[in-house]
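A.B. asks: There's a structure below that I have some questions on.
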Amino acid sequence: MIQSTVDELTAVIGTRPACRALGAAPATIYRARNPPPPRPPMPRQPPPRALSQAEREAVLAELHSERFVDCSPAAVWATLLDEGRYLASERTMYRLLAAAHGGVRERRAQLEHPAYAAPELLAARPNEMYSWDITKLKGPAKWTYYYLYVILDVFSRYAVGWTVQHRESAQVAKDLIAQVCEQQNIARDQLTVHADRGSSMTSKPVAFLLADLGVLKSHSRPYTSTDNPYSEAQFKTLKYRPDFPARFDSIQHARAHCRTFFDFYNNAHRHCGIGLMTPATVHYGRAEAVHAERAQVLDAAYQANPERFVQRAPTPPPLPTAAWINKPNSEEAAAH
């Protein structure tokens, strides 16, 4: 707008007097009238600590391999680290994938509910808190289902027990909980079992069993699936696997599939909430040894190429120390 006014006054009083009257810089007006020719963009030189083309191709080849094609970069990074290999940081893997495929992201749908009194539960070691739930598996025909019962150790994410049955039953739930407590050598007043408010979870047989075993029971708020996040996340992991079928031909088919899945889930699946370790590693007390081995691999990688780690020497993800359901914030903790 100022330039157009200067152009109008230039014919009357000249450019520089018009600029002085309007407070405009003459150089800006002259540059706008005669812009310099555009300069070709200068190619950006890669920094000396960047991965070479061969190293980038090696990382992408590993990420696209049949072994890791359906794994997150975090899981790939942790798996290679446990094998004594370090190719690149997790963030570099995401950056290379974004450059090759236009971006990667995760979508999470969150549903808000009215405020209720939230259960606040803490697990600081294995076999201190279990979370259990039931999910439907589609059968061979429409409106036919099989029911998968899963009991999960909240601290280690280890699936301590599961079964697939034809129907949802309080007696099945009672028998499964009793079997798990016996196998895990649960003592009285040691364990808390958390579940939602389904009919099997709130049934008298289950409540009487827990009372007989000296196990404390806890329930989610009504219609609040986020009060049972560990079981819900485990079911999502199951149903979002690429080999999860649209329907199961028979209950034997469902049991065989779950048997394979839970072997993978307990012994190979990496969880960001437990330092990208497997549930079996944490549940059976091998986490500190694995953490130390990872630190040695990262230290060797740092000694080989220290210029690639700009801010600090790399460290493995921290060991898990606690798992909360509805962790209170600092203000709520101070009020209590």
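Letters A, B, ... mark the chains of the structure tokens in the order given; residue numbers begin at 1 per chain; ligand numbers begin at 1, in order shown.
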Step one, run DSSP on the backbone; step two, keep only residues of region 182-319 of chain A assigned to alpha helix (DSSP H); then write them as a ChimeraX atom specification.
C.D. replies: /A:182-183,204-213,229-239,251-267,279-283,287-304
A.B. asks: Find the spatial neighbours of Arg259 (chain A), counting only C-alpha atoms, within a cut-off of 12 Å - ignore same-chain residues fewer than 6 positions away - and output them as a ChimeraX atom specification.
C.D. replies: /A:148,150,159,161-164,238,252-253,265-266
A.B. asks: Mind dumping the selected residues with C-alpha atoms as a PDB file, in the first residue's frame?
C.D. replies:
```
ATOM      1  CA  LEU A 148     -11.073 -64.768  25.003  1.00  0.00           C
ATOM      2  CA  VAL A 150      -6.876 -62.766  29.460  1.00  0.00           C
ATOM      3  CA  ALA A 159      -0.009 -62.522  30.178  1.00  0.00           C
ATOM      4  CA  GLY A 161      -3.225 -66.698  31.977  1.00  0.00           C
ATOM      5  CA  TRP A 162      -5.693 -66.916  29.101  1.00  0.00           C
ATOM      6  CA  THR A 163      -8.395 -69.175  27.710  1.00  0.00           C
ATOM      7  CA  VAL A 164     -10.838 -69.220  24.775  1.00  0.00           C
ATOM      8  CA  LEU A 238      -3.815 -58.821  19.351  1.00  0.00           C
ATOM      9  CA  GLN A 252      -9.629 -74.901  17.937  1.00  0.00           C
ATOM     10  CA  HIS A 253      -8.531 -72.377  15.300  1.00  0.00           C
ATOM     11  CA  TYR A 265       3.505 -61.291  23.123  1.00  0.00           C
ATOM     12  CA  ASN A 266       5.247 -62.582  26.241  1.00  0.00           C
TER      13      ASN A 266
END
```
A.B. asks: Could you list, as JSON, numbers by chain, every residue within 8 Å of Ala313 (chain A), counting only C-alpha atoms and ignoring same-chain residues fewer than 5 positions away?
C.D. replies: {"A": [299, 302, 306]}
A.B. asks: At a cut-off of 12 Å, can you tabulate as JSON lines every residue of region 216-292 of chain A near region 129-137 of chain A together with its closest atom pair and the distance in Å to one decimal, using only C-alpha atoms and ordering rows by chain then number?
C.D. replies:
```
{"residue": "A:Leu216", "atom": "CA", "partner": "A:Met129", "partner_atom": "CA", "distance": 9.3}
{"residue": "A:Lys217", "atom": "CA", "partner": "A:Tyr130", "partner_atom": "CA", "distance": 9.6}
{"residue": "A:Ser218", "atom": "CA", "partner": "A:Ser131", "partner_atom": "CA", "distance": 9.3}
{"residue": "A:His219", "atom": "CA", "partner": "A:Ser131", "partner_atom": "CA", "distance": 9.8}
{"residue": "A:Ser220", "atom": "CA", "partner": "A:Ser131", "partner_atom": "CA", "distance": 10.5}
{"residue": "A:Ser225", "atom": "CA", "partner": "A:Asp133", "partner_atom": "CA", "distance": 10.6}
{"residue": "A:Asp227", "atom": "CA", "partner": "A:Ser131", "partner_atom": "CA", "distance": 10.2}
{"residue": "A:Asn228", "atom": "CA", "partner": "A:Ser131", "partner_atom": "CA", "distance": 7.1}
{"residue": "A:Pro229", "atom": "CA", "partner": "A:Ser131", "partner_atom": "CA", "distance": 8.8}
{"residue": "A:Tyr230", "atom": "CA", "partner": "A:Ser131", "partner_atom": "CA", "distance": 6.9}
{"residue": "A:Ser231", "atom": "CA", "partner": "A:Trp132", "partner_atom": "CA", "distance": 6.1}
{"residue": "A:Glu232", "atom": "CA", "partner": "A:Asp133", "partner_atom": "CA", "distance": 8.0}
{"residue": "A:Ala233", "atom": "CA", "partner": "A:Asp133", "partner_atom": "CA", "distance": 11.1}
{"residue": "A:Gln234", "atom": "CA", "partner": "A:Asp133", "partner_atom": "CA", "distance": 10.0}
{"residue": "A:Phe235", "atom": "CA", "partner": "A:Thr135", "partner_atom": "CA", "distance": 7.5}
{"residue": "A:Lys236", "atom": "CA", "partner": "A:Thr135", "partner_atom": "CA", "distance": 10.3}
{"residue": "A:Leu238", "atom": "CA", "partner": "A:Thr135", "partner_atom": "CA", "distance": 10.6}
{"residue": "A:Lys239", "atom": "CA", "partner": "A:Leu137", "partner_atom": "CA", "distance": 9.2}
{"residue": "A:Phe244", "atom": "CA", "partner": "A:Leu137", "partner_atom": "CA", "distance": 10.2}
{"residue": "A:Pro245", "atom": "CA", "partner": "A:Leu137", "partner_atom": "CA", "distance": 9.5}
{"residue": "A:Ala246", "atom": "CA", "partner": "A:Leu137", "partner_atom": "CA", "distance": 9.0}
{"residue": "A:Arg247", "atom": "CA", "partner": "A:Leu137", "partner_atom": "CA", "distance": 7.4}
{"residue": "A:Phe248", "atom": "CA", "partner": "A:Leu137", "partner_atom": "CA", "distance": 7.4}
{"residue": "A:Asp249", "atom": "CA", "partner": "A:Leu137", "partner_atom": "CA", "distance": 10.7}
{"residue": "A:Ser250", "atom": "CA", "partner": "A:Leu137", "partner_atom": "CA", "distance": 10.5}
{"residue": "A:Ile251", "atom": "CA", "partner": "A:Leu137", "partner_atom": "CA", "distance": 9.5}
{"residue": "A:His253", "atom": "CA", "partner": "A:Leu137", "partner_atom": "CA", "distance": 10.9}
{"residue": "A:Ala254", "atom": "CA", "partner": "A:Leu137", "partner_atom": "CA", "distance": 7.8}
{"residue": "A:Arg255", "atom": "CA", "partner": "A:Leu137", "partner_atom": "CA", "distance": 10.5}
{"residue": "A:His257", "atom": "CA", "partner": "A:Leu137", "partner_atom": "CA", "distance": 11.1}
{"residue": "A:Cys258", "atom": "CA", "partner": "A:Leu137", "partner_atom": "CA", "distance": 10.5}
```
A.B. asks: Write the residues of the preceding selection, restricted to N, CA and C atoms, as an mmCIF file, in the first residue's frame.
C.D. replies:
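Result file is out-v4.cif:
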```
data_model
loop_
_atom_site.group_PDB
_atom_site.id
_atom_site.type_symbol
_atom_site.label_atom_id
_atom_site.label_comp_id
_atom_site.auth_asym_id
_atom_site.auth_seq_id
_atom_site.Cartn_x
_atom_site.Cartn_y
_atom_site.Cartn_z
ATOM 1 N N LEU A 216 -7.347 -58.551 46.804
ATOM 2 C CA LEU A 216 -8.161 -57.345 46.755
ATOM 3 C C LEU A 216 -8.683 -57.153 45.340
ATOM 4 N N LYS A 217 -9.957 -56.809 45.201
ATOM 5 C CA LYS A 217 -10.527 -56.589 43.868
ATOM 6 C C LYS A 217 -10.818 -55.109 43.658
ATOM 7 N N SER A 218 -10.719 -54.685 42.398
ATOM 8 C CA SER A 218 -10.964 -53.303 42.021
ATOM 9 C C SER A 218 -11.696 -53.296 40.688
ATOM 10 N N HIS A 219 -12.536 -52.266 40.481
ATOM 11 C CA HIS A 219 -13.323 -52.181 39.248
ATOM 12 C C HIS A 219 -13.195 -50.798 38.633
ATOM 13 N N SER A 220 -13.343 -50.768 37.320
ATOM 14 C CA SER A 220 -13.312 -49.510 36.581
ATOM 15 C C SER A 220 -14.582 -48.712 36.831
ATOM 16 N N SER A 225 -13.435 -47.309 29.584
ATOM 17 C CA SER A 225 -12.462 -48.342 29.221
ATOM 18 C C SER A 225 -11.045 -47.949 29.592
ATOM 19 N N ASP A 227 -10.035 -46.930 32.299
ATOM 20 C CA ASP A 227 -9.704 -47.382 33.645
ATOM 21 C C ASP A 227 -9.090 -48.777 33.646
ATOM 22 N N ASN A 228 -9.143 -49.439 32.504
ATOM 23 C CA ASN A 228 -8.506 -50.752 32.367
ATOM 24 C C ASN A 228 -7.578 -50.721 31.156
ATOM 25 N N PRO A 229 -6.590 -49.811 31.149
ATOM 26 C CA PRO A 229 -5.845 -49.550 29.911
ATOM 27 C C PRO A 229 -4.947 -50.691 29.475
ATOM 28 N N TYR A 230 -4.404 -51.446 30.409
ATOM 29 C CA TYR A 230 -3.437 -52.474 30.039
ATOM 30 C C TYR A 230 -4.119 -53.621 29.299
ATOM 31 N N SER A 231 -5.274 -54.035 29.763
ATOM 32 C CA SER A 231 -6.000 -55.090 29.057
ATOM 33 C C SER A 231 -6.493 -54.607 27.703
ATOM 34 N N GLU A 232 -6.988 -53.369 27.647
ATOM 35 C CA GLU A 232 -7.479 -52.849 26.368
ATOM 36 C C GLU A 232 -6.338 -52.722 25.360
ATOM 37 N N ALA A 233 -5.175 -52.262 25.820
ATOM 38 C CA ALA A 233 -4.029 -52.142 24.914
ATOM 39 C C ALA A 233 -3.572 -53.513 24.422
ATOM 40 N N GLN A 234 -3.634 -54.497 25.309
ATOM 41 C CA GLN A 234 -3.231 -55.847 24.900
ATOM 42 C C GLN A 234 -4.186 -56.409 23.849
ATOM 43 N N PHE A 235 -5.490 -56.160 23.993
ATOM 44 C CA PHE A 235 -6.449 -56.624 22.990
ATOM 45 C C PHE A 235 -6.222 -55.907 21.654
ATOM 46 N N LYS A 236 -5.856 -54.631 21.713
ATOM 47 C CA LYS A 236 -5.562 -53.920 20.462
ATOM 48 C C LYS A 236 -4.338 -54.514 19.777
ATOM 49 N N LEU A 238 -3.374 -57.560 19.939
ATOM 50 C CA LEU A 238 -3.815 -58.821 19.351
ATOM 51 C C LEU A 238 -4.550 -58.596 18.036
ATOM 52 N N LYS A 239 -5.508 -57.704 18.020
ATOM 53 C CA LYS A 239 -6.405 -57.576 16.873
ATOM 54 C C LYS A 239 -5.827 -56.713 15.756
ATOM 55 N N PHE A 244 -3.959 -61.487 12.172
ATOM 56 C CA PHE A 244 -5.224 -61.722 12.859
ATOM 57 C C PHE A 244 -6.328 -61.938 11.831
ATOM 58 N N PRO A 245 -7.023 -63.063 11.877
ATOM 59 C CA PRO A 245 -8.010 -63.357 10.824
ATOM 60 C C PRO A 245 -9.297 -62.571 11.014
ATOM 61 N N ALA A 246 -10.037 -62.396 9.921
ATOM 62 C CA ALA A 246 -11.335 -61.730 10.008
ATOM 63 C C ALA A 246 -12.319 -62.573 10.804
ATOM 64 N N ARG A 247 -12.258 -63.890 10.636
ATOM 65 C CA ARG A 247 -13.102 -64.816 11.387
ATOM 66 C C ARG A 247 -12.306 -66.082 11.684
ATOM 67 N N PHE A 248 -12.708 -66.762 12.757
ATOM 68 C CA PHE A 248 -12.083 -68.026 13.120
ATOM 69 C C PHE A 248 -12.999 -69.173 12.684
ATOM 70 N N ASP A 249 -12.395 -70.193 12.093
ATOM 71 C CA ASP A 249 -13.184 -71.316 11.572
ATOM 72 C C ASP A 249 -13.779 -72.164 12.686
ATOM 73 N N SER A 250 -13.108 -72.249 13.810
ATOM 74 C CA SER A 250 -13.568 -73.087 14.917
ATOM 75 C C SER A 250 -12.892 -72.606 16.184
ATOM 76 N N ILE A 251 -13.331 -73.126 17.321
ATOM 77 C CA ILE A 251 -12.701 -72.733 18.575
ATOM 78 C C ILE A 251 -11.271 -73.256 18.655
ATOM 79 N N HIS A 253 -9.276 -73.372 16.072
ATOM 80 C CA HIS A 253 -8.531 -72.377 15.300
ATOM 81 C C HIS A 253 -8.211 -71.154 16.166
ATOM 82 N N ALA A 254 -9.200 -70.679 16.935
ATOM 83 C CA ALA A 254 -8.995 -69.517 17.798
ATOM 84 C C ALA A 254 -7.954 -69.806 18.872
ATOM 85 N N ARG A 255 -8.014 -70.989 19.475
ATOM 86 C CA ARG A 255 -7.056 -71.333 20.523
ATOM 87 C C ARG A 255 -5.649 -71.468 19.961
ATOM 88 N N HIS A 257 -4.447 -69.930 17.315
ATOM 89 C CA HIS A 257 -3.946 -68.593 16.999
ATOM 90 C C HIS A 257 -3.508 -67.862 18.273
ATOM 91 N N CYS A 258 -4.310 -67.934 19.331
ATOM 92 C CA CYS A 258 -3.965 -67.252 20.580
ATOM 93 C C CYS A 258 -2.727 -67.869 21.221
#
```
A.B. asks: Please, which residues of region 33-244 of chain A, numbered as in this document, come out strand (DSSP E or B) from DSSP, as an MDAnalysis selection string?
C.D. replies: chainID A and resid 121:123 129:138 145:153 159:165 192:195 216:219
A.B. asks: Go ahead and dump the residues you just picked, C-alpha atoms, as a tab-separated table (two decimals), in the first residue's frame.
C.D. replies:
```
chain	number	residue	atom	x	y	z
A	121	LEU	CA	-3.78	-48.27	41.61
A	122	LEU	CA	-0.01	-48.74	41.67
A	123	ALA	CA	2.12	-51.78	40.83
A	129	MET	CA	-1.55	-56.16	40.40
A	130	TYR	CA	-3.37	-58.07	37.67
A	131	SER	CA	-5.73	-56.67	35.08
A	132	TRP	CA	-8.18	-58.97	33.31
A	133	ASP	CA	-10.87	-58.67	30.68
A	134	ILE	CA	-12.85	-60.62	28.09
A	135	THR	CA	-13.05	-59.87	24.36
A	136	LYS	CA	-15.06	-61.40	21.54
A	137	LEU	CA	-13.49	-63.24	18.61
A	138	LYS	CA	-15.67	-63.61	15.51
A	145	TYR	CA	-18.39	-65.48	18.71
A	146	TYR	CA	-15.75	-67.09	20.88
A	147	TYR	CA	-14.71	-65.42	24.14
A	148	LEU	CA	-11.07	-64.77	25.00
A	149	TYR	CA	-10.28	-64.35	28.70
A	150	VAL	CA	-6.88	-62.77	29.46
A	151	ILE	CA	-5.21	-62.00	32.81
A	152	LEU	CA	-2.30	-59.55	32.54
A	153	ASP	CA	0.37	-58.60	35.05
A	159	ALA	CA	-0.01	-62.52	30.18
A	160	VAL	CA	-0.12	-64.86	33.17
A	161	GLY	CA	-3.22	-66.70	31.98
A	162	TRP	CA	-5.69	-66.92	29.10
A	163	THR	CA	-8.39	-69.18	27.71
A	164	VAL	CA	-10.84	-69.22	24.78
A	165	GLN	CA	-14.36	-70.45	25.50
A	192	THR	CA	-4.90	-56.72	43.57
A	193	VAL	CA	-7.08	-57.81	40.64
A	194	HIS	CA	-8.57	-55.01	38.54
A	195	ALA	CA	-11.33	-55.41	35.96
A	216	LEU	CA	-8.16	-57.34	46.75
A	217	LYS	CA	-10.53	-56.59	43.87
A	218	SER	CA	-10.96	-53.30	42.02
A	219	HIS	CA	-13.32	-52.18	39.25
```
A.B. asks: If you take only C-alpha atoms and a cut-off of 10 Å, which residues of region 178-296 of chain A touch region 314-330 of chain A, and what are their nearest atom pairs and distances in Å to one decimal, in chain and number order, as CSV?
C.D. replies:
```
residue,atom,partner,partner_atom,distance
A:His194,CA,A:Ile325,CA,9.5
A:Ser220,CA,A:Ile325,CA,9.8
A:Thr226,CA,A:Asn326,CA,8.7
A:Asp227,CA,A:Ile325,CA,6.6
A:Asn228,CA,A:Ile325,CA,7.4
A:Pro229,CA,A:Ile325,CA,7.6
A:Tyr230,CA,A:Ile325,CA,8.7
A:Cys272,CA,A:Pro317,CA,8.5
A:Gly273,CA,A:Pro320,CA,7.2
A:Ile274,CA,A:Pro320,CA,4.9
A:Gly275,CA,A:Pro317,CA,4.9
A:Leu276,CA,A:Pro317,CA,7.1
A:Met277,CA,A:Leu319,CA,9.0
A:Val282,CA,A:Pro320,CA,8.3
A:Ala287,CA,A:Leu319,CA,7.1
A:Glu288,CA,A:Leu319,CA,7.3
A:Val290,CA,A:Leu319,CA,9.7
A:His291,CA,A:Pro316,CA,6.8
A:Ala292,CA,A:Pro316,CA,8.6
A:Glu293,CA,A:Pro316,CA,9.4
A:Arg294,CA,A:Pro316,CA,6.1
A:Ala295,CA,A:Pro316,CA,5.8
A:Gln296,CA,A:Thr315,CA,9.3
```
A.B. asks: For CA of Asp70 (chain A) and CA of Thr237 (chain A), quote the distance in Å rounded to one decimal.
C.D. replies: 11.8 Å
A.B. asks: Restricting the calculation to only C-alpha atoms, which member of A:Ala178, A:Arg167, A:Arg221, A:Arg197 is positioned closest to Glu120 (chain A)?
C.D. replies: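 Closest to Glu120 (chain A) of all the choices is A:Arg221.
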